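Listing of structure_7.tsv, TSV, C-alpha atoms and all ligand atoms
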```
chain	number	residue	atom	x	y	z
A	1	MET	CA	-28.90	-33.03	-26.77
A	2	VAL	CA	-32.06	-32.07	-24.89
A	3	THR	CA	-35.10	-34.01	-25.98
A	4	GLY	CA	-38.66	-33.63	-24.77
A	5	ASP	CA	-42.16	-32.76	-25.84
A	6	ALA	CA	-42.98	-29.50	-27.58
A	7	SER	CA	-44.37	-27.72	-24.51
A	8	TYR	CA	-41.28	-28.65	-22.49
A	9	ILE	CA	-38.97	-27.27	-25.16
A	10	LYS	CA	-41.11	-24.14	-25.41
A	11	LYS	CA	-40.71	-23.63	-21.67
A	12	ILE	CA	-36.93	-24.09	-21.81
A	13	ASN	CA	-36.66	-21.65	-24.71
A	14	ARG	CA	-38.83	-19.15	-22.90
A	15	SER	CA	-36.70	-19.13	-19.74
A	16	PHE	CA	-33.53	-18.93	-21.81
A	17	LEU	CA	-34.88	-15.91	-23.70
A	18	ILE	CA	-35.97	-14.11	-20.52
A	19	SER	CA	-32.48	-14.64	-19.04
A	20	LYS	CA	-30.84	-13.20	-22.15
A	21	ILE	CA	-33.19	-10.20	-22.32
A	22	ILE	CA	-32.34	-9.37	-18.68
A	23	GLU	CA	-28.62	-9.91	-19.20
A	24	HIS	CA	-28.49	-7.59	-22.22
A	25	GLY	CA	-30.88	-4.95	-20.90
A	26	PHE	CA	-32.11	-4.00	-24.39
A	27	ILE	CA	-31.94	-6.42	-27.28
A	28	SER	CA	-33.59	-6.80	-30.71
A	29	ARG	CA	-35.33	-9.95	-31.96
A	30	ALA	CA	-32.56	-10.43	-34.54
A	31	GLU	CA	-29.82	-10.25	-31.91
A	32	LEU	CA	-31.74	-12.64	-29.67
A	33	SER	CA	-31.91	-15.10	-32.52
A	34	LYS	CA	-28.18	-14.72	-33.13
A	35	ILE	CA	-27.07	-15.27	-29.53
A	36	THR	CA	-29.53	-18.03	-28.65
A	37	GLY	CA	-29.38	-19.94	-31.94
A	38	LEU	CA	-33.19	-20.07	-31.98
A	39	ASN	CA	-34.81	-19.36	-35.33
A	40	LYS	CA	-36.70	-16.12	-35.99
A	41	ALA	CA	-40.13	-17.80	-36.03
A	42	THR	CA	-39.57	-19.29	-32.57
A	43	ILE	CA	-38.35	-15.94	-31.25
A	44	SER	CA	-41.33	-14.18	-32.74
A	45	VAL	CA	-43.88	-16.53	-31.10
A	46	GLN	CA	-42.14	-16.43	-27.72
A	47	VAL	CA	-41.78	-12.63	-27.78
A	48	ALA	CA	-45.45	-12.24	-28.66
A	49	ASP	CA	-46.39	-14.37	-25.63
A	50	LEU	CA	-44.09	-12.39	-23.31
A	51	LEU	CA	-45.50	-9.08	-24.60
A	52	ASN	CA	-49.03	-10.38	-23.99
A	53	GLU	CA	-48.09	-11.31	-20.48
A	54	GLU	CA	-46.59	-7.81	-20.06
A	55	LEU	CA	-43.33	-9.37	-18.89
A	56	ILE	CA	-41.37	-7.53	-21.57
A	57	ILE	CA	-41.82	-4.21	-23.35
A	58	GLU	CA	-40.80	-2.88	-26.75
A	59	THR	CA	-38.98	0.40	-27.28
A	60	GLN	CA	-37.68	1.98	-30.45
A	61	GLN	CA	-34.01	2.76	-30.13
A	62	GLU	CA	-32.95	6.30	-30.87
A	63	HIS	CA	-29.98	6.41	-33.22
A	64	ASN	CA	-28.94	8.09	-36.41
A	65	ASN	CA	-28.10	5.12	-38.62
A	66	LEU	CA	-29.80	5.01	-41.95
A	67	GLY	CA	-32.61	2.56	-42.32
A	68	ARG	CA	-35.11	1.34	-39.76
A	69	ARG	CA	-34.48	1.82	-36.10
A	70	PRO	CA	-34.60	-1.63	-34.50
A	71	ILE	CA	-37.29	-2.36	-31.96
A	72	MET	CA	-35.63	-3.30	-28.73
A	73	LEU	CA	-36.99	-5.65	-26.10
A	74	SER	CA	-36.45	-5.27	-22.38
A	75	LEU	CA	-37.90	-6.72	-19.20
A	76	ASN	CA	-40.92	-4.83	-17.92
A	77	ARG	CA	-39.47	-4.02	-14.53
A	78	LYS	CA	-42.81	-2.60	-13.38
A	79	ALA	CA	-44.82	-5.76	-14.07
A	80	GLY	CA	-44.51	-6.81	-10.44
A	81	TYR	CA	-42.51	-6.53	-7.25
A	82	ALA	CA	-40.35	-8.80	-5.12
A	83	LEU	CA	-40.35	-8.60	-1.34
A	84	GLY	CA	-37.13	-9.55	0.46
A	85	ILE	CA	-37.20	-9.91	4.25
A	86	ASP	CA	-34.27	-10.22	6.64
A	87	LEU	CA	-35.55	-11.71	9.89
A	88	ASP	CA	-32.69	-10.81	12.17
A	89	TYR	CA	-32.42	-10.75	15.95
A	90	LYS	CA	-33.12	-7.10	16.74
A	91	HIS	CA	-34.80	-5.99	13.51
A	92	ILE	CA	-36.82	-7.21	10.60
A	93	THR	CA	-35.90	-5.50	7.33
A	94	PHE	CA	-38.39	-5.44	4.45
A	95	THR	CA	-37.13	-4.40	1.01
A	96	LEU	CA	-39.40	-4.12	-2.00
A	97	SER	CA	-37.71	-4.28	-5.40
A	98	ASP	CA	-38.83	-4.07	-9.01
A	99	LEU	CA	-38.42	-7.04	-11.35
A	100	LEU	CA	-34.84	-6.04	-12.16
A	101	GLY	CA	-33.95	-6.23	-8.48
A	102	SER	CA	-33.61	-2.48	-7.86
A	103	PRO	CA	-34.79	-1.61	-4.36
A	104	LEU	CA	-37.77	0.75	-4.27
A	105	SER	CA	-38.48	1.00	-0.57
A	106	THR	CA	-37.18	-0.40	2.70
A	107	GLU	CA	-38.79	-0.59	6.12
A	108	ILE	CA	-36.96	-1.59	9.26
A	109	VAL	CA	-38.99	-2.79	12.21
A	110	ASP	CA	-37.40	-3.03	15.66
A	111	LEU	CA	-37.83	-6.37	17.41
A	112	ASN	CA	-38.09	-6.45	21.17
A	113	THR	CA	-39.34	-9.99	21.42
A	114	SER	CA	-38.41	-13.53	20.44
A	115	ASP	CA	-41.99	-14.76	20.76
A	116	TYR	CA	-42.77	-16.71	17.59
A	117	ASP	CA	-46.48	-15.84	17.45
A	118	GLU	CA	-45.86	-12.12	17.96
A	119	ILE	CA	-43.21	-12.08	15.22
A	120	LEU	CA	-45.49	-14.09	12.92
A	121	GLU	CA	-48.28	-11.51	13.39
A	122	LEU	CA	-45.82	-8.71	12.65
A	123	LEU	CA	-44.59	-10.39	9.46
A	124	VAL	CA	-48.17	-11.03	8.29
A	125	LYS	CA	-49.18	-7.42	8.98
A	126	TYR	CA	-46.28	-5.99	6.96
A	127	ILE	CA	-46.67	-8.51	4.14
A	128	LYS	CA	-50.35	-7.54	3.81
A	129	ASP	CA	-49.44	-3.82	3.85
A	130	PHE	CA	-46.92	-4.39	1.04
A	131	GLN	CA	-49.46	-6.42	-0.91
A	132	ASP	CA	-51.94	-3.54	-0.65
A	133	LYS	CA	-49.31	-1.08	-1.90
A	134	CYS	CA	-48.54	-3.19	-4.97
A	135	THR	CA	-51.94	-3.57	-6.56
A	136	ASP	CA	-51.18	-1.13	-9.40
A	137	SER	CA	-49.05	-3.63	-11.35
A	138	ARG	CA	-50.03	-6.65	-13.46
A	139	TYR	CA	-48.61	-9.24	-11.04
A	140	GLY	CA	-48.44	-7.40	-7.68
A	141	ILE	CA	-45.98	-9.12	-5.34
A	142	VAL	CA	-44.49	-11.96	-7.39
A	143	GLY	CA	-42.66	-13.60	-4.53
A	144	ILE	CA	-41.48	-13.21	-0.95
A	145	VAL	CA	-38.24	-14.62	0.37
A	146	ILE	CA	-37.47	-14.54	4.10
A	147	GLY	CA	-33.87	-14.89	5.26
A	148	VAL	CA	-33.56	-16.43	8.73
A	149	HIS	CA	-30.42	-16.46	10.83
A	150	GLY	CA	-30.50	-20.16	11.56
A	151	THR	CA	-30.86	-23.58	9.95
A	152	VAL	CA	-33.63	-24.30	7.45
A	153	THR	CA	-34.54	-27.78	6.16
A	154	GLU	CA	-34.85	-28.72	2.51
A	155	ASP	CA	-38.66	-28.34	2.97
A	156	GLU	CA	-38.08	-24.77	4.15
A	157	VAL	CA	-39.03	-25.49	7.76
A	158	ILE	CA	-36.98	-23.57	10.32
A	159	LYS	CA	-34.97	-26.13	12.23
A	160	PHE	CA	-33.25	-23.84	14.72
A	161	VAL	CA	-32.75	-20.11	15.20
A	162	PRO	CA	-30.30	-19.73	18.11
A	163	ARG	CA	-30.95	-16.05	18.89
A	164	HIS	CA	-34.72	-16.50	19.15
A	165	ASN	CA	-34.39	-20.03	20.48
A	166	TRP	CA	-36.89	-21.30	17.90
A	167	HIS	CA	-37.02	-25.00	17.06
A	168	ASN	CA	-38.96	-26.61	14.20
A	169	LYS	CA	-41.13	-23.66	13.16
A	170	ASP	CA	-43.12	-23.94	9.94
A	171	LEU	CA	-43.10	-20.21	9.20
A	172	LYS	CA	-43.83	-20.85	5.52
A	173	SER	CA	-47.17	-22.60	6.20
A	174	ASP	CA	-48.08	-20.22	9.02
A	175	ILE	CA	-47.65	-17.17	6.77
A	176	GLU	CA	-49.49	-18.85	3.92
A	177	ALA	CA	-52.45	-19.59	6.21
A	178	LYS	CA	-52.66	-16.00	7.42
A	179	ALA	CA	-51.56	-13.93	4.41
A	180	GLY	CA	-52.59	-16.18	1.52
A	181	ILE	CA	-49.11	-16.12	-0.01
A	182	SER	CA	-46.42	-18.74	0.49
A	183	PRO	CA	-42.98	-17.24	1.10
A	184	TYR	CA	-39.68	-19.01	0.51
A	185	ILE	CA	-37.70	-19.50	3.71
A	186	LYS	CA	-33.92	-19.47	3.32
A	187	ASN	CA	-30.83	-19.30	5.47
A	188	ASN	CA	-29.44	-15.75	5.44
A	189	ALA	CA	-25.85	-16.76	4.56
A	190	ASN	CA	-27.17	-18.55	1.47
A	191	LEU	CA	-29.02	-15.39	0.42
A	192	CYS	CA	-25.82	-13.35	0.88
A	193	ALA	CA	-23.95	-15.71	-1.46
A	194	PHE	CA	-26.81	-15.57	-3.96
A	195	ALA	CA	-26.78	-11.73	-3.93
A	196	GLU	CA	-23.02	-11.66	-4.56
A	197	GLN	CA	-23.36	-13.93	-7.58
A	198	VAL	CA	-26.47	-12.30	-9.06
A	199	TYR	CA	-25.45	-8.64	-8.66
A	200	LYS	CA	-21.68	-8.54	-8.42
A	201	HIS	CA	-19.79	-11.60	-9.62
A	202	HIS	CA	-21.54	-12.81	-12.77
A	203	HIS	CA	-18.41	-14.47	-14.04
A	204	SER	CA	-18.01	-16.61	-10.93
A	205	GLU	CA	-20.06	-19.80	-10.86
A	206	ASN	CA	-18.16	-21.20	-7.88
A	207	LEU	CA	-18.43	-18.69	-5.10
A	208	LEU	CA	-18.27	-18.80	-1.33
A	209	CYS	CA	-19.60	-16.00	0.83
A	210	VAL	CA	-18.51	-15.91	4.46
A	211	SER	CA	-20.62	-13.67	6.72
A	212	LEU	CA	-18.94	-12.71	9.97
A	213	TYR	CA	-21.39	-11.10	12.37
A	214	SER	CA	-22.99	-12.75	15.41
A	215	GLY	CA	-21.65	-16.09	14.16
A	216	ILE	CA	-20.03	-17.27	10.95
A	217	GLY	CA	-22.29	-18.28	8.08
A	218	LEU	CA	-21.14	-19.73	4.79
A	219	GLY	CA	-23.18	-19.55	1.59
A	220	ILE	CA	-22.03	-21.86	-1.20
A	221	MET	CA	-22.67	-21.43	-4.93
A	222	ILE	CA	-21.54	-24.36	-7.06
A	223	ASN	CA	-21.88	-24.14	-10.84
A	224	GLY	CA	-24.14	-21.12	-10.41
A	225	GLU	CA	-26.54	-22.93	-8.03
A	226	LEU	CA	-26.94	-22.58	-4.29
A	227	TYR	CA	-25.64	-25.70	-2.58
A	228	GLU	CA	-27.67	-26.44	0.54
A	229	GLY	CA	-26.70	-30.04	1.33
A	230	TYR	CA	-28.75	-33.20	1.86
A	231	HIS	CA	-30.94	-31.81	4.66
A	232	GLY	CA	-30.41	-28.16	3.81
A	233	PHE	CA	-27.80	-27.45	6.47
A	234	ALA	CA	-24.60	-27.19	4.40
A	235	GLY	CA	-22.29	-24.31	5.24
A	236	GLU	CA	-22.32	-24.48	9.05
A	237	MET	CA	-18.60	-23.83	8.94
A	238	GLY	CA	-18.79	-21.50	11.96
A	239	HIS	CA	-18.78	-24.74	13.94
A	240	MET	CA	-15.67	-26.17	12.35
A	241	ILE	CA	-13.28	-26.87	15.24
A	242	ILE	CA	-10.09	-24.91	14.77
A	243	VAL	CA	-8.75	-25.00	18.36
A	244	PRO	CA	-8.81	-28.41	20.10
A	245	ASN	CA	-10.51	-28.05	23.50
A	246	GLY	CA	-10.82	-24.33	22.87
A	247	ARG	CA	-13.50	-21.85	23.85
A	248	PRO	CA	-16.89	-23.45	24.54
A	249	CYS	CA	-19.55	-22.90	21.87
A	250	ASN	CA	-23.34	-22.99	22.30
A	251	CYS	CA	-23.48	-25.86	19.77
A	252	GLY	CA	-22.02	-28.11	22.49
A	253	ASN	CA	-18.48	-28.36	21.10
A	254	LYS	CA	-15.33	-26.50	22.01
A	255	GLY	CA	-13.02	-24.46	19.80
A	256	CYS	CA	-15.48	-23.62	16.99
A	257	TRP	CA	-14.34	-21.12	14.35
A	258	GLU	CA	-17.01	-18.58	15.25
A	259	GLN	CA	-15.67	-18.42	18.82
A	260	TYR	CA	-12.53	-16.85	17.32
A	261	SER	CA	-13.42	-15.06	14.10
A	262	SER	CA	-16.96	-13.72	14.32
A	263	GLU	CA	-17.40	-10.01	14.93
A	264	SER	CA	-19.37	-10.70	18.12
A	265	THR	CA	-16.35	-12.58	19.51
A	266	PHE	CA	-14.10	-9.70	18.50
A	267	PHE	CA	-16.27	-7.17	20.35
A	268	LYS	CA	-16.55	-9.46	23.38
A	269	GLN	CA	-12.81	-10.03	23.61
A	270	LEU	CA	-12.03	-6.35	23.19
A	271	SER	CA	-14.60	-5.34	25.83
A	272	GLU	CA	-13.21	-7.86	28.30
A	273	LYS	CA	-9.61	-6.80	27.75
A	274	GLN	CA	-10.38	-3.13	28.12
A	275	ASN	CA	-13.11	-3.50	30.71
A	276	ILE	CA	-15.58	-1.45	28.68
A	277	ASP	CA	-19.16	-2.58	28.22
A	278	ASP	CA	-20.47	-1.02	25.08
A	279	ILE	CA	-17.99	-0.73	22.24
A	280	ASP	CA	-19.60	0.08	18.90
A	281	TYR	CA	-18.36	0.47	15.31
A	282	THR	CA	-17.67	4.19	15.87
A	283	ASP	CA	-15.29	3.30	18.72
A	284	ILE	CA	-13.69	0.70	16.49
A	285	GLN	CA	-13.07	3.31	13.80
A	286	LYS	CA	-11.50	5.62	16.36
A	287	ARG	CA	-9.22	2.87	17.71
A	288	LEU	CA	-8.25	2.02	14.18
A	289	ASN	CA	-7.33	5.65	13.44
A	290	ASP	CA	-5.45	5.96	16.76
A	291	LYS	CA	-3.57	2.68	16.11
A	292	ASP	CA	-4.67	1.52	19.58
A	293	SER	CA	-2.36	-1.34	20.59
A	294	THR	CA	-4.95	-3.60	22.30
A	295	PHE	CA	-7.16	-3.20	19.25
A	296	SER	CA	-4.29	-4.08	16.91
A	297	GLU	CA	-3.42	-7.22	18.90
A	298	GLU	CA	-7.05	-8.33	18.93
A	299	MET	CA	-7.34	-7.66	15.21
A	300	GLU	CA	-4.23	-9.68	14.51
A	301	GLU	CA	-5.64	-12.64	16.42
A	302	PHE	CA	-8.98	-12.28	14.61
A	303	ILE	CA	-7.23	-12.26	11.22
A	304	ASN	CA	-5.03	-15.23	12.10
A	305	TYR	CA	-7.95	-17.42	13.11
A	306	LEU	CA	-9.98	-16.17	10.17
A	307	SER	CA	-7.17	-17.20	7.82
A	308	ILE	CA	-6.99	-20.69	9.38
A	309	GLY	CA	-10.69	-21.27	8.77
A	310	LEU	CA	-10.52	-19.82	5.26
A	311	ASN	CA	-7.57	-22.07	4.43
A	312	ASN	CA	-9.68	-25.08	5.43
A	313	ILE	CA	-12.79	-24.15	3.44
A	314	ILE	CA	-10.69	-23.21	0.40
A	315	ASN	CA	-9.12	-26.67	0.45
A	316	LEU	CA	-12.56	-28.25	0.66
A	317	HIS	CA	-14.16	-26.27	-2.18
A	318	ASN	CA	-11.48	-24.86	-4.48
A	319	PRO	CA	-13.69	-21.79	-5.10
A	320	ALA	CA	-13.18	-19.18	-7.80
A	321	THR	CA	-14.41	-16.31	-5.63
A	322	ILE	CA	-14.52	-15.89	-1.87
A	323	VAL	CA	-16.42	-12.89	-0.56
A	324	LEU	CA	-16.06	-11.86	3.07
A	325	ASN	CA	-19.04	-10.00	4.44
A	326	SER	CA	-17.83	-8.10	7.50
A	327	GLU	CA	-18.15	-4.53	8.70
A	328	LEU	CA	-14.93	-4.85	10.68
A	329	LEU	CA	-12.90	-5.92	7.63
A	330	LYS	CA	-14.57	-3.26	5.49
A	331	MET	CA	-13.34	-0.58	7.91
A	332	ASN	CA	-9.84	-2.00	8.12
A	333	GLU	CA	-8.15	-1.39	4.78
A	334	GLY	CA	-5.02	-3.49	5.27
A	335	ALA	CA	-6.88	-6.55	6.57
A	336	LEU	CA	-7.50	-8.15	3.20
A	337	ASP	CA	-3.82	-8.13	2.28
A	338	GLU	CA	-2.92	-9.61	5.65
A	339	ILE	CA	-5.39	-12.46	5.13
A	340	LYS	CA	-4.05	-13.07	1.61
A	341	GLY	CA	-0.54	-13.10	3.06
A	342	ASN	CA	-1.60	-15.90	5.40
A	343	LEU	CA	-3.09	-18.04	2.63
A	344	THR	CA	0.16	-19.20	1.13
A	345	SER	CA	-0.21	-22.98	1.25
A	346	SER	CA	0.96	-24.52	-2.01
A	347	VAL	CA	-2.19	-26.65	-2.18
A	348	SER	CA	-4.79	-23.90	-1.50
A	349	SER	CA	-6.23	-22.60	-4.70
A	350	PHE	CA	-8.72	-19.84	-5.42
A	351	GLU	CA	-9.08	-17.04	-7.95
A	352	GLU	CA	-10.04	-13.99	-5.88
A	353	LEU	CA	-10.67	-12.97	-2.29
A	354	LEU	CA	-12.78	-9.85	-1.75
A	355	ILE	CA	-14.70	-7.90	0.85
A	356	SER	CA	-18.42	-7.54	0.14
A	357	ASP	CA	-19.73	-4.16	-1.02
A	358	PHE	CA	-23.15	-5.15	0.28
A	359	GLY	CA	-22.55	-5.57	4.01
A	360	LYS	CA	-25.84	-5.88	5.89
A	361	GLU	CA	-27.88	-5.29	2.71
A	362	ALA	CA	-26.80	-8.65	1.24
A	363	THR	CA	-29.62	-10.68	2.81
A	364	VAL	CA	-32.52	-8.55	1.53
A	365	MET	CA	-30.93	-8.15	-1.89
A	366	GLY	CA	-30.41	-11.91	-2.15
A	367	ALA	CA	-34.00	-12.40	-1.01
A	368	CYS	CA	-35.44	-10.01	-3.64
A	369	SER	CA	-33.38	-11.50	-6.46
A	370	LEU	CA	-34.24	-15.08	-5.51
A	371	ALA	CA	-37.95	-14.19	-5.53
A	372	ILE	CA	-37.49	-12.76	-9.05
A	373	LYS	CA	-35.59	-15.81	-10.30
A	374	ASN	CA	-38.27	-18.15	-8.94
A	375	PHE	CA	-41.11	-16.09	-10.44
A	376	LEU	CA	-39.53	-15.87	-13.88
A	377	ASN	CA	-38.48	-19.53	-13.60
A	378	ILE	CA	-35.13	-18.89	-15.24
A	379	PRO	CA	-31.90	-20.88	-14.92
A	380	GLU	CA	-29.67	-17.91	-14.22
A	381	LEU	CA	-30.16	-14.30	-13.24
A	382	LYS	CA	-27.65	-11.53	-13.81
A	383	LEU	CA	-28.62	-8.14	-12.42
A	384	SER	CA	-26.71	-4.95	-11.85
A	385	ILE	CA	-27.02	-2.40	-9.12
A	386	ASP	CA	-25.56	0.96	-8.32
A	387	ASP	CA	-24.41	0.87	-4.69
A	388	GLN	CA	-26.01	4.31	-4.26
A	389	ASP	CA	-29.40	2.64	-4.68
A	390	LEU	CA	-28.91	0.12	-1.89
A	391	PRO	CA	-31.01	0.56	1.23
A	392	LYS	CA	-28.88	2.08	3.95
A	393	LEU	CA	-29.09	-0.22	6.92
A	394	THR	CA	-27.65	0.50	10.33
A	395	VAL	CA	-25.14	-2.03	11.50
A	396	ASP	CA	-25.71	-3.05	15.09
A	397	VAL	CA	-22.92	-4.42	17.17
A	398	PRO	CA	-23.37	-8.17	16.83
A	399	VAL	CA	-24.10	-9.96	20.11
B	401	ZN	ZN	-20.00	-24.54	17.67
```

Representation of the structure as structure tokens:
Amino acid sequence: MVTGDASYIKKINRSFLISKIIEHGFISRAELSKITGLNKATISVQVADLLNEELIIETQQEHNNLGRRPIMLSLNRKAGYALGIDLDYKHITFTLSDLLGSPLSTEIVDLNTSDYDEILELLVKYIKDFQDKCTDSRYGIVGIVIGVHGTVTEDEVIKFVPRHNWHNKDLKSDIEAKAGISPYIKNNANLCAFAEQVYKHHHSENLLCVSLYSGIGLGIMINGELYEGYHGFAGEMGHMIIVPNGRPCNCGNKGCWEQYSSESTFFKQLSEKQNIDDIDYTDIQKRLNDKDSTFSEEMEEFINYLSIGLNNIINLHNPATIVLNSELLKMNEGALDEIKGNLTSSVSSFEELLISDFGKEATVMGACSLAIKNFLNIPELKLSIDDQDLPKLTVDVPV
């Protein structure tokens, strides 16, 4: 039983109610009382507060039943906006969403530099522009989450971003000082896992999301919460050694998983074998259609090593859902069955293995939804999205 003072209980009830209103889309006070077990007086006071704060709105449902039409409550999706940012190597993607996590606009900025100060100025400029565009709503921008492709400490300080060669950068404080708003800084693989759980796999509280692009990133959801580890660095499974004394990795070890099963490795190996410099996803599609033999061999090796690594992380976590975020696997229809065929150990146990519908959009969508969850201060967030509404991002060949 939860005990605490009255204001604490009021807060808990409030976040529980907001979660339920979002989950149901439209719900009456009577139904809320029924599903939450809270009495009608409590519901009435809480709903009045939320209406005052313009966080929810009332609508009268249209139907033909006799008697009064119930007044339905729903989240006021226009009360504010969330800004999700994917700070990648060659681009920064900014996606603005409403409070139900539907993307409203996306801007992609090319990056030709790794200079921290230049990138900081760029981020501040765009954040300010978005703030100016969002003044028409009650709360404006309710939160900003930035996904970085590197390690982030539990205090949200960037520890290391390999592609930009950044060490120990306090981007959170630097943006706060210049833009007057403190963003959340998160590892991109964690945001991908969060997006999968919030938008796609509501039923799955134990979910792993493996992103296979320039490296391998693992986002871990345990009991519906992101698991980030003691210092914040959990999920660096790309550096799990799967080949003793294998290919050298820039982490200092040899034989790391991402030297065998990241898409950048796949492209590199294929280019070397065929002596071609710039293979892109269009070439890959063509080779796939033509059943090119070098391509097929390379793909088989990629899938074999991928399966070895997956076997290991499945045994560590016993997840319900594993989502693979990879353009290469998305294009290659039979790949998923081949991977499943390799995961036959009698001790490995998981419920489902899937390929992400999100692809590159996962980071910004995870970022927007995390900003919403933090703003509403709710224990769980379940959103839905039509894939047609996702921002269409170009997928660069990972290097
Ligand atoms: Zn490594």

Enumerate residues in contact with ligand ZN 401 (chain B): an atom-to-atom distance of at most 8 Å, counting only C-alpha atoms and all ligand atoms. Format the result as a PyMOL selection string.
chain A and resi 238-241+248-259

Could the residues in this selection be written to a file with C-alpha atoms, as an mmCIF file, in the coordinates of the input?
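After the write, out-v3.cif holds the following:
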```
data_model
loop_
_atom_site.group_PDB
_atom_site.id
_atom_site.type_symbol
_atom_site.label_atom_id
_atom_site.label_comp_id
_atom_site.auth_asym_id
_atom_site.auth_seq_id
_atom_site.Cartn_x
_atom_site.Cartn_y
_atom_site.Cartn_z
ATOM 1 C CA GLY A 238 -18.790 -21.500 11.960
ATOM 2 C CA HIS A 239 -18.780 -24.740 13.940
ATOM 3 C CA MET A 240 -15.670 -26.170 12.350
ATOM 4 C CA ILE A 241 -13.280 -26.870 15.240
ATOM 5 C CA PRO A 248 -16.890 -23.450 24.540
ATOM 6 C CA CYS A 249 -19.550 -22.900 21.870
ATOM 7 C CA ASN A 250 -23.340 -22.990 22.300
ATOM 8 C CA CYS A 251 -23.480 -25.860 19.770
ATOM 9 C CA GLY A 252 -22.020 -28.110 22.490
ATOM 10 C CA ASN A 253 -18.480 -28.360 21.100
ATOM 11 C CA LYS A 254 -15.330 -26.500 22.010
ATOM 12 C CA GLY A 255 -13.020 -24.460 19.800
ATOM 13 C CA CYS A 256 -15.480 -23.620 16.990
ATOM 14 C CA TRP A 257 -14.340 -21.120 14.350
ATOM 15 C CA GLU A 258 -17.010 -18.580 15.250
ATOM 16 C CA GLN A 259 -15.670 -18.420 18.820
#
```

May I have the residues within 8 Å of stretch 213-228 of chain A as a PyMOL selection string, using only C-alpha atoms and disregarding those fewer than 6 positions away in the same chain?
chain A and resi 154+189-194+197+204-207+234-238+257-259+261-265+326+380+398-399

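Note that the spacing between atom CA of A:Leu73 and atom CA of A:Ser102 amounts to 18.8 Å.
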
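Among A:Thr36, A:Asn275, A:Gln269, A:Ser307, the residue with the shortest atom-to-atom distance to A:Phe295, counting all atoms listed in the file, is A:Gln269.
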
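The interatomic distance for the pair atom CA of A:Tyr8 and atom CA of A:Arg138 works out to 25.3 Å.
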
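Of the residues under consideration (A:Ser28, A:Gln388, A:Ser114, A:Ser173), A:Ser114 shows the shortest atom-to-atom contact distance to A:Val161 when counting all atoms listed in the file.
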
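Ranking A:Lys133, A:Lys200, A:Lys382, A:Lys340 by their shortest atom-to-atom distance to A:Tyr81, with all atoms listed in the file included, puts A:Lys133 first.
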
9 Å contact set for A:Leu376, all atoms listed in the file, chain neighbours under 6 positions out, as a ChimeraX atom specification:
/A:15,18-19

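Among the candidates A:Gly229, A:Gly84, A:Pro70, A:Pro162, the residue lying nearest to A:Ser105 is A:Gly84 (atoms considered: only C-alpha atoms).
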
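In this structure, atom CA of A:Ile355 sits 14.3 Å away from atom CA of A:Ala320.
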
Measuring atom to atom with only C-alpha atoms, identify which of A:Ser346, A:Ser356, A:Thr135, A:Asn39 is nearest to A:Leu329.
A:Ser356

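Comparing A:Glu333, A:Asp396, A:Glu107, A:His203 by their smallest distance to A:Asn289, the closest is A:Glu333 (using all atoms listed in the file).
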
May I have the residues within 9 Å of A:Gly25 as a list in words, using all atoms listed in the file and disregarding those fewer than 4 positions away in the same chain?
Lys20, Ile21, Leu73, Ser74 and Leu75 of chain A

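Contact shell of stretch 276-283 of chain A at 8 Å (all atoms listed in the file; same-chain neighbours under 2 positions omitted): Phe267, Ser271, Glu272, Gln274, Gln285, Lys286, Arg287, Leu328, Asp396 and Val397 of chain A.
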
Need the axis-aligned box for stretch 269-274 of chain A with 8 Å each side, so what are the centre and edges in Å to one decimal, as AutoDock Vina command-line options?
```
--center_x -12.1 --center_y -6.6 --center_z 25.7 --size_x 21.0 --size_y 22.9 --size_z 21.1
```
